[in-house]
>>> print(open('model.cif').read())   # mmCIF, C-alpha atoms
data_model
#
loop_
_atom_site.group_PDB
_atom_site.id
_atom_site.type_symbol
_atom_site.label_atom_id
_atom_site.label_comp_id
_atom_site.auth_asym_id
_atom_site.auth_seq_id
_atom_site.Cartn_x
_atom_site.Cartn_y
_atom_site.Cartn_z
ATOM 1 C CA MET A 1 66.959 -6.043 -65.846
ATOM 2 C CA THR A 2 64.515 -8.885 -66.439
ATOM 3 C CA ILE A 3 62.415 -9.844 -63.406
ATOM 4 C CA LYS A 4 62.376 -13.519 -62.457
ATOM 5 C CA VAL A 5 58.911 -14.782 -61.523
ATOM 6 C CA PHE A 6 58.709 -18.078 -59.663
ATOM 7 C CA GLY A 7 56.690 -20.141 -57.227
ATOM 8 C CA HIS A 8 57.644 -22.845 -54.756
ATOM 9 C CA LYS A 9 59.906 -25.871 -55.043
ATOM 10 C CA SER A 10 58.289 -29.056 -56.427
ATOM 11 C CA PRO A 11 56.149 -27.021 -58.850
ATOM 12 C CA ASP A 12 52.525 -28.054 -59.251
ATOM 13 C CA THR A 13 50.169 -26.562 -61.835
ATOM 14 C CA ASP A 14 49.598 -23.287 -59.958
ATOM 15 C CA SER A 15 53.317 -22.824 -59.231
ATOM 16 C CA THR A 16 54.102 -23.516 -62.893
ATOM 17 C CA GLY A 17 51.250 -21.651 -64.545
ATOM 18 C CA SER A 18 51.118 -18.558 -62.340
ATOM 19 C CA PRO A 19 54.728 -17.502 -63.069
ATOM 20 C CA ILE A 20 53.949 -17.817 -66.779
ATOM 21 C CA ILE A 21 50.774 -15.749 -66.393
ATOM 22 C CA TRP A 22 52.380 -12.999 -64.338
ATOM 23 C CA ALA A 23 55.535 -12.784 -66.469
ATOM 24 C CA TRP A 24 53.280 -12.370 -69.528
ATOM 25 C CA TYR A 25 51.337 -9.600 -67.761
ATOM 26 C CA LEU A 26 54.431 -7.715 -66.596
ATOM 27 C CA THR A 27 56.097 -7.947 -70.007
ATOM 28 C CA GLU A 28 53.218 -7.516 -72.441
ATOM 29 C CA VAL A 29 50.864 -5.247 -70.500
ATOM 30 C CA LYS A 30 53.005 -3.339 -67.997
ATOM 31 C CA GLY A 31 56.065 -3.065 -70.243
ATOM 32 C CA THR A 32 58.386 -4.503 -67.579
ATOM 33 C CA PRO A 33 60.582 -7.328 -68.903
ATOM 34 C CA ALA A 34 59.958 -10.505 -66.914
ATOM 35 C CA LYS A 35 60.437 -14.235 -67.378
ATOM 36 C CA PRO A 36 58.969 -17.232 -65.583
ATOM 37 C CA VAL A 37 61.353 -19.695 -63.976
ATOM 38 C CA LEU A 38 60.842 -22.887 -61.963
ATOM 39 C CA LEU A 39 62.530 -24.243 -58.849
ATOM 40 C CA GLY A 40 62.274 -27.850 -59.993
ATOM 41 C CA GLU A 41 60.697 -30.140 -62.545
ATOM 42 C CA PRO A 42 56.946 -29.552 -62.960
ATOM 43 C CA ASN A 43 54.733 -32.412 -61.834
ATOM 44 C CA THR A 44 52.900 -34.578 -64.360
ATOM 45 C CA GLU A 45 49.791 -32.410 -64.430
ATOM 46 C CA ALA A 46 51.775 -29.194 -64.862
ATOM 47 C CA ALA A 47 53.828 -30.796 -67.631
ATOM 48 C CA PHE A 48 50.582 -31.830 -69.334
ATOM 49 C CA VAL A 49 49.304 -28.229 -69.170
ATOM 50 C CA LEU A 50 52.484 -26.894 -70.776
ATOM 51 C CA LYS A 51 52.214 -29.365 -73.651
ATOM 52 C CA ARG A 52 48.430 -29.105 -74.015
ATOM 53 C CA TRP A 53 48.502 -25.328 -74.484
ATOM 54 C CA ASP A 54 51.855 -25.014 -76.275
ATOM 55 C CA LEU A 55 53.484 -23.121 -73.413
ATOM 56 C CA ALA A 56 57.275 -23.118 -73.260
ATOM 57 C CA LYS A 57 58.653 -24.900 -70.223
ATOM 58 C CA PRO A 58 60.316 -22.236 -68.055
ATOM 59 C CA GLU A 59 63.987 -22.489 -67.202
ATOM 60 C CA ILE A 60 64.717 -24.381 -63.991
ATOM 61 C CA ILE A 61 66.994 -22.509 -61.573
ATOM 62 C CA ALA A 62 68.771 -23.762 -58.471
ATOM 63 C CA ASP A 63 69.178 -20.421 -56.694
ATOM 64 C CA VAL A 64 69.006 -16.671 -57.119
ATOM 65 C CA ALA A 65 71.793 -14.092 -57.000
ATOM 66 C CA ALA A 66 72.065 -10.870 -55.034
ATOM 67 C CA GLY A 67 71.506 -8.866 -58.211
ATOM 68 C CA ASP A 68 68.315 -10.683 -59.241
ATOM 69 C CA THR A 69 64.988 -8.872 -59.116
ATOM 70 C CA CYS A 70 62.244 -11.353 -58.243
ATOM 71 C CA VAL A 71 58.500 -11.760 -57.924
ATOM 72 C CA ILE A 72 57.362 -14.656 -55.719
ATOM 73 C CA VAL A 73 54.021 -16.326 -56.417
ATOM 74 C CA ASP A 74 52.064 -19.142 -54.748
ATOM 75 C CA THR A 75 54.179 -19.119 -51.576
ATOM 76 C CA ASN A 76 55.783 -16.807 -49.051
ATOM 77 C CA ASN A 77 57.598 -19.527 -47.123
ATOM 78 C CA PRO A 78 61.429 -19.290 -47.230
ATOM 79 C CA ALA A 79 61.665 -23.085 -46.826
ATOM 80 C CA GLU A 80 60.018 -23.437 -50.251
ATOM 81 C CA LEU A 81 62.221 -20.842 -51.959
ATOM 82 C CA PRO A 82 65.846 -20.580 -53.151
ATOM 83 C CA ALA A 83 68.467 -20.623 -50.411
ATOM 84 C CA SER A 84 69.641 -17.096 -51.280
ATOM 85 C CA ILE A 85 66.175 -15.529 -51.549
ATOM 86 C CA ASN A 86 66.895 -12.966 -48.824
ATOM 87 C CA ASP A 87 69.921 -11.721 -50.781
ATOM 88 C CA ALA A 88 67.862 -11.062 -53.919
ATOM 89 C CA ASN A 89 65.686 -8.033 -54.596
ATOM 90 C CA VAL A 90 62.148 -9.305 -54.046
ATOM 91 C CA VAL A 91 59.700 -6.674 -55.291
ATOM 92 C CA GLN A 92 56.336 -8.467 -55.131
ATOM 93 C CA ILE A 93 54.573 -11.450 -53.549
ATOM 94 C CA ILE A 94 51.237 -12.834 -54.793
ATOM 95 C CA ASP A 95 49.980 -15.728 -52.699
ATOM 96 C CA HIS A 96 47.022 -17.514 -51.110
ATOM 97 C CA HIS A 97 48.746 -19.313 -48.224
ATOM 98 C CA LEU A 98 49.161 -18.390 -44.583
ATOM 99 C CA LEU A 99 51.861 -15.839 -43.819
ATOM 100 C CA ALA A 100 54.913 -17.914 -42.894
ATOM 101 C CA GLY A 101 57.388 -15.167 -42.040
ATOM 102 C CA GLY A 102 61.161 -15.178 -42.530
ATOM 103 C CA LEU A 103 61.488 -13.282 -45.806
ATOM 104 C CA LYS A 104 63.616 -10.143 -45.727
ATOM 105 C CA THR A 105 63.374 -7.532 -48.470
ATOM 106 C CA LYS A 106 65.543 -4.584 -49.454
ATOM 107 C CA GLY A 107 62.648 -2.138 -49.154
ATOM 108 C CA PRO A 108 58.849 -1.899 -49.040
ATOM 109 C CA ILE A 109 57.249 -4.238 -51.562
ATOM 110 C CA ASP A 110 53.872 -4.995 -53.107
ATOM 111 C CA ILE A 111 52.279 -7.934 -51.254
ATOM 112 C CA THR A 112 48.913 -9.497 -52.088
ATOM 113 C CA ILE A 113 47.758 -12.476 -50.030
ATOM 114 C CA ARG A 114 44.083 -13.335 -50.310
ATOM 115 C CA PRO A 115 41.963 -16.216 -48.964
ATOM 116 C CA LEU A 116 41.199 -17.699 -52.363
ATOM 117 C CA ALA A 117 41.856 -21.217 -53.601
ATOM 118 C CA CYS A 118 44.335 -20.280 -56.309
ATOM 119 C CA THR A 119 47.059 -17.736 -57.008
ATOM 120 C CA ALA A 120 45.834 -17.424 -60.593
ATOM 121 C CA THR A 121 42.437 -16.201 -59.341
ATOM 122 C CA ILE A 122 44.207 -13.391 -57.477
ATOM 123 C CA MET A 123 46.138 -12.522 -60.628
ATOM 124 C CA HIS A 124 42.886 -12.331 -62.566
ATOM 125 C CA ASP A 125 41.646 -9.774 -60.042
ATOM 126 C CA LEU A 126 44.876 -7.771 -60.050
ATOM 127 C CA MET A 127 44.802 -7.516 -63.840
ATOM 128 C CA GLY A 128 41.310 -6.030 -63.877
ATOM 129 C CA ASP A 129 40.214 -5.018 -67.371
ATOM 130 C CA ASP A 130 43.578 -6.127 -68.745
ATOM 131 C CA THR A 131 42.385 -9.739 -68.539
ATOM 132 C CA ALA A 132 40.730 -9.071 -71.888
ATOM 133 C CA LYS A 133 44.222 -8.842 -73.395
ATOM 134 C CA MET A 134 45.190 -12.377 -72.368
ATOM 135 C CA PRO A 135 45.826 -14.700 -75.333
ATOM 136 C CA ALA A 136 44.115 -18.076 -75.331
ATOM 137 C CA ASN A 137 47.090 -20.009 -73.970
ATOM 138 C CA ILE A 138 47.463 -17.644 -70.984
ATOM 139 C CA LYS A 139 43.723 -17.916 -70.277
ATOM 140 C CA SER A 140 44.065 -21.687 -70.532
ATOM 141 C CA ALA A 141 46.948 -21.681 -68.064
ATOM 142 C CA MET A 142 44.848 -19.619 -65.653
ATOM 143 C CA LEU A 143 41.877 -21.975 -65.978
ATOM 144 C CA SER A 144 44.178 -24.973 -65.458
ATOM 145 C CA CYS A 145 45.603 -23.488 -62.262
ATOM 146 C CA ILE A 146 42.154 -22.861 -60.785
ATOM 147 C CA LEU A 147 40.753 -26.270 -61.684
ATOM 148 C CA SER A 148 43.859 -27.956 -60.316
ATOM 149 C CA ASP A 149 43.967 -26.076 -57.015
ATOM 150 C CA THR A 150 40.215 -26.442 -56.428
ATOM 151 C CA LEU A 151 40.115 -30.075 -57.627
ATOM 152 C CA GLU A 152 37.317 -28.991 -59.980
ATOM 153 C CA PHE A 153 35.603 -27.097 -57.117
ATOM 154 C CA ARG A 154 35.682 -30.114 -54.756
ATOM 155 C CA SER A 155 38.327 -28.713 -52.418
ATOM 156 C CA PRO A 156 37.056 -26.907 -49.292
ATOM 157 C CA THR A 157 39.378 -24.030 -50.198
ATOM 158 C CA THR A 158 37.180 -23.248 -53.221
ATOM 159 C CA THR A 159 35.351 -19.935 -53.075
ATOM 160 C CA ALA A 160 32.442 -18.747 -55.180
ATOM 161 C CA HIS A 161 34.849 -16.287 -56.777
ATOM 162 C CA ASP A 162 37.320 -18.984 -57.845
ATOM 163 C CA ARG A 163 34.467 -20.848 -59.469
ATOM 164 C CA ALA A 164 33.073 -17.748 -61.191
ATOM 165 C CA VAL A 165 36.467 -16.846 -62.665
ATOM 166 C CA ALA A 166 37.023 -20.409 -63.890
ATOM 167 C CA GLU A 167 33.585 -20.585 -65.471
ATOM 168 C CA ARG A 168 34.124 -17.236 -67.207
ATOM 169 C CA LEU A 169 37.478 -18.380 -68.591
ATOM 170 C CA ALA A 170 36.048 -21.714 -69.754
ATOM 171 C CA ALA A 171 33.182 -19.941 -71.513
ATOM 172 C CA ASP A 172 35.600 -17.573 -73.270
ATOM 173 C CA LEU A 173 37.714 -20.535 -74.403
ATOM 174 C CA GLY A 174 34.800 -22.788 -75.332
ATOM 175 C CA ILE A 175 36.049 -25.464 -72.926
ATOM 176 C CA SER A 176 33.895 -27.959 -71.007
ATOM 177 C CA ILE A 177 35.110 -27.829 -67.403
ATOM 178 C CA PRO A 178 34.201 -31.465 -66.575
ATOM 179 C CA ASP A 179 35.913 -32.773 -69.713
ATOM 180 C CA TYR A 180 39.039 -30.701 -69.255
ATOM 181 C CA ALA A 181 39.267 -31.405 -65.528
ATOM 182 C CA ALA A 182 39.162 -35.123 -66.346
ATOM 183 C CA GLU A 183 42.185 -34.601 -68.627
ATOM 184 C CA LEU A 184 44.030 -32.739 -65.869
ATOM 185 C CA PHE A 185 43.341 -35.351 -63.229
ATOM 186 C CA ALA A 186 44.311 -38.200 -65.538
ATOM 187 C CA ALA A 187 47.680 -36.506 -66.053
ATOM 188 C CA LYS A 188 48.025 -35.849 -62.317
ATOM 189 C CA SER A 189 47.250 -39.488 -61.508
ATOM 190 C CA ASP A 190 49.872 -41.050 -63.773
ATOM 191 C CA VAL A 191 52.804 -41.396 -61.372
ATOM 192 C CA SER A 192 54.098 -44.736 -62.637
ATOM 193 C CA ALA A 193 57.373 -43.253 -63.905
ATOM 194 C CA PHE A 194 58.388 -41.764 -60.556
ATOM 195 C CA SER A 195 60.513 -43.317 -57.835
ATOM 196 C CA ASP A 196 59.237 -43.539 -54.276
ATOM 197 C CA ALA A 197 61.448 -40.633 -53.189
ATOM 198 C CA GLU A 198 60.184 -38.514 -56.089
ATOM 199 C CA LEU A 199 56.582 -39.264 -55.129
ATOM 200 C CA LEU A 200 57.228 -38.296 -51.517
ATOM 201 C CA ARG A 201 58.687 -34.952 -52.637
ATOM 202 C CA MET A 202 56.374 -34.289 -55.592
ATOM 203 C CA ASP A 203 53.815 -32.144 -53.767
ATOM 204 C CA SER A 204 55.423 -31.628 -50.412
ATOM 205 C CA LYS A 205 55.849 -28.844 -47.885
ATOM 206 C CA GLU A 206 57.917 -28.523 -44.722
ATOM 207 C CA TYR A 207 56.236 -27.683 -41.418
ATOM 208 C CA THR A 208 57.265 -27.756 -37.781
ATOM 209 C CA VAL A 209 54.613 -28.898 -35.313
ATOM 210 C CA GLU A 210 55.384 -28.656 -31.598
ATOM 211 C CA GLY A 211 59.103 -28.801 -32.328
ATOM 212 C CA VAL A 212 58.829 -31.772 -34.689
ATOM 213 C CA ASP A 213 59.962 -31.175 -38.286
ATOM 214 C CA LEU A 214 57.543 -32.718 -40.764
ATOM 215 C CA ARG A 215 57.558 -33.124 -44.525
ATOM 216 C CA VAL A 216 53.850 -33.153 -45.353
ATOM 217 C CA SER A 217 53.255 -34.699 -48.768
ATOM 218 C CA VAL A 218 50.000 -34.908 -50.699
ATOM 219 C CA LEU A 219 49.249 -36.929 -53.820
ATOM 220 C CA GLU A 220 45.934 -36.021 -55.443
ATOM 221 C CA THR A 221 44.672 -38.724 -57.754
ATOM 222 C CA THR A 222 41.661 -40.363 -59.345
ATOM 223 C CA SER A 223 43.527 -43.689 -59.100
ATOM 224 C CA PRO A 224 44.612 -44.041 -55.455
ATOM 225 C CA LYS A 225 45.212 -47.787 -55.890
ATOM 226 C CA MET A 226 48.179 -46.981 -58.131
ATOM 227 C CA VAL A 227 49.866 -45.255 -55.190
ATOM 228 C CA LEU A 228 48.590 -47.444 -52.357
ATOM 229 C CA ASP A 229 49.834 -50.587 -54.104
ATOM 230 C CA ARG A 230 53.306 -49.152 -53.458
ATOM 231 C CA LYS A 231 52.719 -48.340 -49.786
ATOM 232 C CA ASP A 232 55.310 -50.777 -48.420
ATOM 233 C CA SER A 233 58.124 -49.370 -50.529
ATOM 234 C CA LEU A 234 56.915 -45.809 -49.976
ATOM 235 C CA MET A 235 56.996 -46.257 -46.217
ATOM 236 C CA ALA A 236 60.473 -47.755 -46.414
ATOM 237 C CA SER A 237 61.622 -44.766 -48.479
ATOM 238 C CA MET A 238 60.264 -42.314 -45.919
ATOM 239 C CA VAL A 239 63.209 -43.112 -43.643
ATOM 240 C CA ASP A 240 65.790 -42.036 -46.225
ATOM 241 C CA VAL A 241 63.793 -39.024 -47.423
ATOM 242 C CA ALA A 242 63.379 -37.754 -43.869
ATOM 243 C CA LYS A 243 67.097 -38.179 -43.186
ATOM 244 C CA GLU A 244 68.160 -36.512 -46.448
ATOM 245 C CA ASP A 245 65.737 -33.591 -46.022
ATOM 246 C CA GLY A 246 66.366 -32.996 -42.321
ATOM 247 C CA ALA A 247 62.855 -33.975 -41.275
ATOM 248 C CA ASP A 248 61.769 -36.037 -38.292
ATOM 249 C CA GLN A 249 58.838 -37.650 -40.128
ATOM 250 C CA VAL A 250 57.304 -37.789 -43.588
ATOM 251 C CA LEU A 251 53.514 -37.763 -43.748
ATOM 252 C CA LEU A 252 51.940 -38.914 -47.022
ATOM 253 C CA PHE A 253 48.266 -38.233 -47.667
ATOM 254 C CA VAL A 254 46.856 -39.910 -50.794
ATOM 255 C CA VAL A 255 43.828 -37.812 -51.736
ATOM 256 C CA ASP A 256 41.104 -39.583 -53.697
ATOM 257 C CA ILE A 257 39.640 -36.746 -55.774
ATOM 258 C CA LEU A 258 36.465 -38.604 -56.731
ATOM 259 C CA ARG A 259 35.655 -40.136 -53.312
ATOM 260 C CA GLU A 260 36.704 -36.913 -51.546
ATOM 261 C CA GLU A 261 38.817 -38.564 -48.875
ATOM 262 C CA ALA A 262 42.458 -39.030 -47.962
ATOM 263 C CA THR A 263 44.396 -42.126 -46.972
ATOM 264 C CA LEU A 264 47.321 -41.462 -44.647
ATOM 265 C CA LEU A 265 50.196 -43.945 -44.654
ATOM 266 C CA VAL A 266 51.156 -44.901 -41.095
ATOM 267 C CA PRO A 267 54.698 -46.335 -41.068
ATOM 268 C CA ASN A 268 55.407 -46.066 -37.341
ATOM 269 C CA ASP A 269 54.025 -45.295 -33.910
ATOM 270 C CA THR A 270 54.871 -41.585 -34.102
ATOM 271 C CA VAL A 271 52.762 -41.085 -37.222
ATOM 272 C CA ARG A 272 49.978 -43.130 -35.619
ATOM 273 C CA LYS A 273 49.976 -40.786 -32.630
ATOM 274 C CA ILE A 274 49.956 -37.737 -34.919
ATOM 275 C CA ALA A 275 47.039 -39.150 -36.920
ATOM 276 C CA GLU A 276 44.938 -39.992 -33.866
ATOM 277 C CA ALA A 277 45.645 -36.672 -32.119
ATOM 278 C CA SER A 278 45.087 -34.581 -35.244
ATOM 279 C CA PHE A 279 42.078 -36.220 -36.861
ATOM 280 C CA GLY A 280 40.285 -37.963 -34.004
ATOM 281 C CA CYS A 281 40.628 -41.334 -35.702
ATOM 282 C CA THR A 282 41.673 -44.764 -34.511
ATOM 283 C CA VAL A 283 44.552 -46.346 -36.425
ATOM 284 C CA SER A 284 44.656 -50.131 -36.459
ATOM 285 C CA GLY A 285 46.991 -50.784 -39.373
ATOM 286 C CA ASP A 286 49.491 -49.080 -41.654
ATOM 287 C CA THR A 287 46.907 -46.815 -43.309
ATOM 288 C CA VAL A 288 43.930 -44.810 -42.145
ATOM 289 C CA VAL A 289 41.145 -43.326 -44.286
ATOM 290 C CA LEU A 290 40.154 -39.750 -43.452
ATOM 291 C CA PRO A 291 36.734 -38.959 -44.987
ATOM 292 C CA GLY A 292 36.331 -35.457 -46.376
ATOM 293 C CA ILE A 293 40.010 -34.554 -46.029
ATOM 294 C CA MET A 294 41.236 -33.019 -49.300
ATOM 295 C CA SER A 295 43.137 -29.826 -48.531
ATOM 296 C CA ARG A 296 46.570 -29.671 -46.927
ATOM 297 C CA LYS A 297 46.267 -25.910 -46.491
ATOM 298 C CA LYS A 298 42.813 -25.812 -44.910
ATOM 299 C CA GLN A 299 42.270 -29.253 -43.352
ATOM 300 C CA ILE A 300 45.603 -30.992 -42.771
ATOM 301 C CA ILE A 301 48.146 -28.405 -41.626
ATOM 302 C CA PRO A 302 45.810 -26.567 -39.203
ATOM 303 C CA ALA A 303 44.840 -29.898 -37.590
ATOM 304 C CA LEU A 304 48.307 -31.320 -37.043
ATOM 305 C CA LYS A 305 49.298 -31.917 -33.431
ATOM 306 C CA MET A 306 51.453 -34.369 -31.550
#
>>> encode(input="model.cif", output="structure tokens")
Amino acid sequence: MTIKVFGHKSPDTDSTGSPIIWAWYLTEVKGTPAKPVLLGEPNTEAAFVLKRWDLAKPEIIADVAAGDTCVIVDTNNPAELPASINDANVVQIIDHHLLAGGLKTKGPIDITIRPLACTATIMHDLMGDDTAKMPANIKSAMLSCILSDTLEFRSPTTTAHDRAVAERLAADLGISIPDYAAELFAAKSDVSAFSDAELLRMDSKEYTVEGVDLRVSVLETTSPKMVLDRKDSLMASMVDVAKEDGADQVLLFVVDILREEATLLVPNDTVRKIAEASFGCTVSGDTVVLPGIMSRKKQIIPALKM
């Protein structure tokens, strides 16, 4: 049986590239048939990576079946996985997020969760000497994942090891990291074709804080004006998105990659209270700038309070 390898819903570059990397490794190196699949359309940056390196877009699946054997990468949170994930045969998890709990497996499994900035960095370590067998497009996918997740080493989640692996891959490929990162971020920043609801769900995770269900969305961009010019319609759309997704509030953080800050949209008094309690700021309008805030995983989620 072919193993399905997938990451979280609303696939970003790491959740698109890492399944491709690990399915290649299982199939070509370990001799275990595997295929990458996605739980949604890849975002603009991930789509750029697929086209740039001639990587086939993985099949998009809506759910898994009881007979499916699966490897989960870049998440361990059931809220970000197929509805029937606990019925499937999960055999491995490779991740770099906090342990969410809630997954149930049919037996003991191989779990690797490490405090690194990117799942692809962990995969590089797990492969060991077999990394030398990676073809150029798999190396390029791995480099893309690391540069995306670290925001070209700007994110506070970046470790010296993430950077060393990325620099080694770039040297092997003959790629300039600044030049290629600029290509990635340009692709990430072009959101003109997406509806407000799509933007709010594009890079979004569900969290419960003090009994309040939140959809916490992040848009990383080198052109924040493109998003902030739409703030009125985005805030209006938050009402419908929250209702449709069973959330109490939608929080949207627009991360300016170059200025290394986030702008939080503040559509109502509840979000204002969350912002002031969480980040020690004073909100006087419908947005608030949060200097130095770039990482949902390390800086936003741990700070959230009511």
>>> resolve_selection(input="model.cif", expression="the PyMOL selection byres ((chain A and resi 117) around 6)", output="list in words")
Leu116, Cys118, Thr157 and Thr158 of chain A
>>> resolve_selection(input="model.cif", expression="the PyMOL selection byres ((chain A and resi 103) around 7)", output="PyMOL selection string")
chain A and resi 78+86+101-102+104-105
>>> residues_around(input="model.cif", residues="range 199-204 of chain A", least_positions_apart="4", cutoff="10 Å", atoms="all atoms listed in the file", output="VMD selection string")
chain A and resid 9 to 12 40 to 44 80 191 to 195 214 to 220 227 234 to 235 237 to 238 241 to 242 245 250 to 253 296
>>> closest_residue(input="model.cif", among="A:Asp162, A:Tyr25, A:Phe6, A:Ala186", to="Gly128 in chain A", atoms="only C-alpha atoms")
A:Tyr25
>>> resolve_selection(input="model.cif", expression="the PyMOL selection byres ((chain A and resi 53) around 8)", output="ChimeraX atom specification")
/A:49-52,54-55,137,140-141
>>> atom_distance(input="model.cif", atom1="CA of Val73 in chain A", atom2="CA of Glu45 in chain A")
18.5 Å
>>> closest_residue(input="model.cif", among="A:Lys57, A:Lys106, A:Lys273, A:Arg163", to="Thr150 in chain A", atoms="all atoms listed in the file")
A:Arg163
>>> closest_residue(input="model.cif", among="A:Thr69, A:Thr75, A:Ser148, A:Thr159", to="Pro115 in chain A", atoms="all atoms listed in the file")
A:Thr159
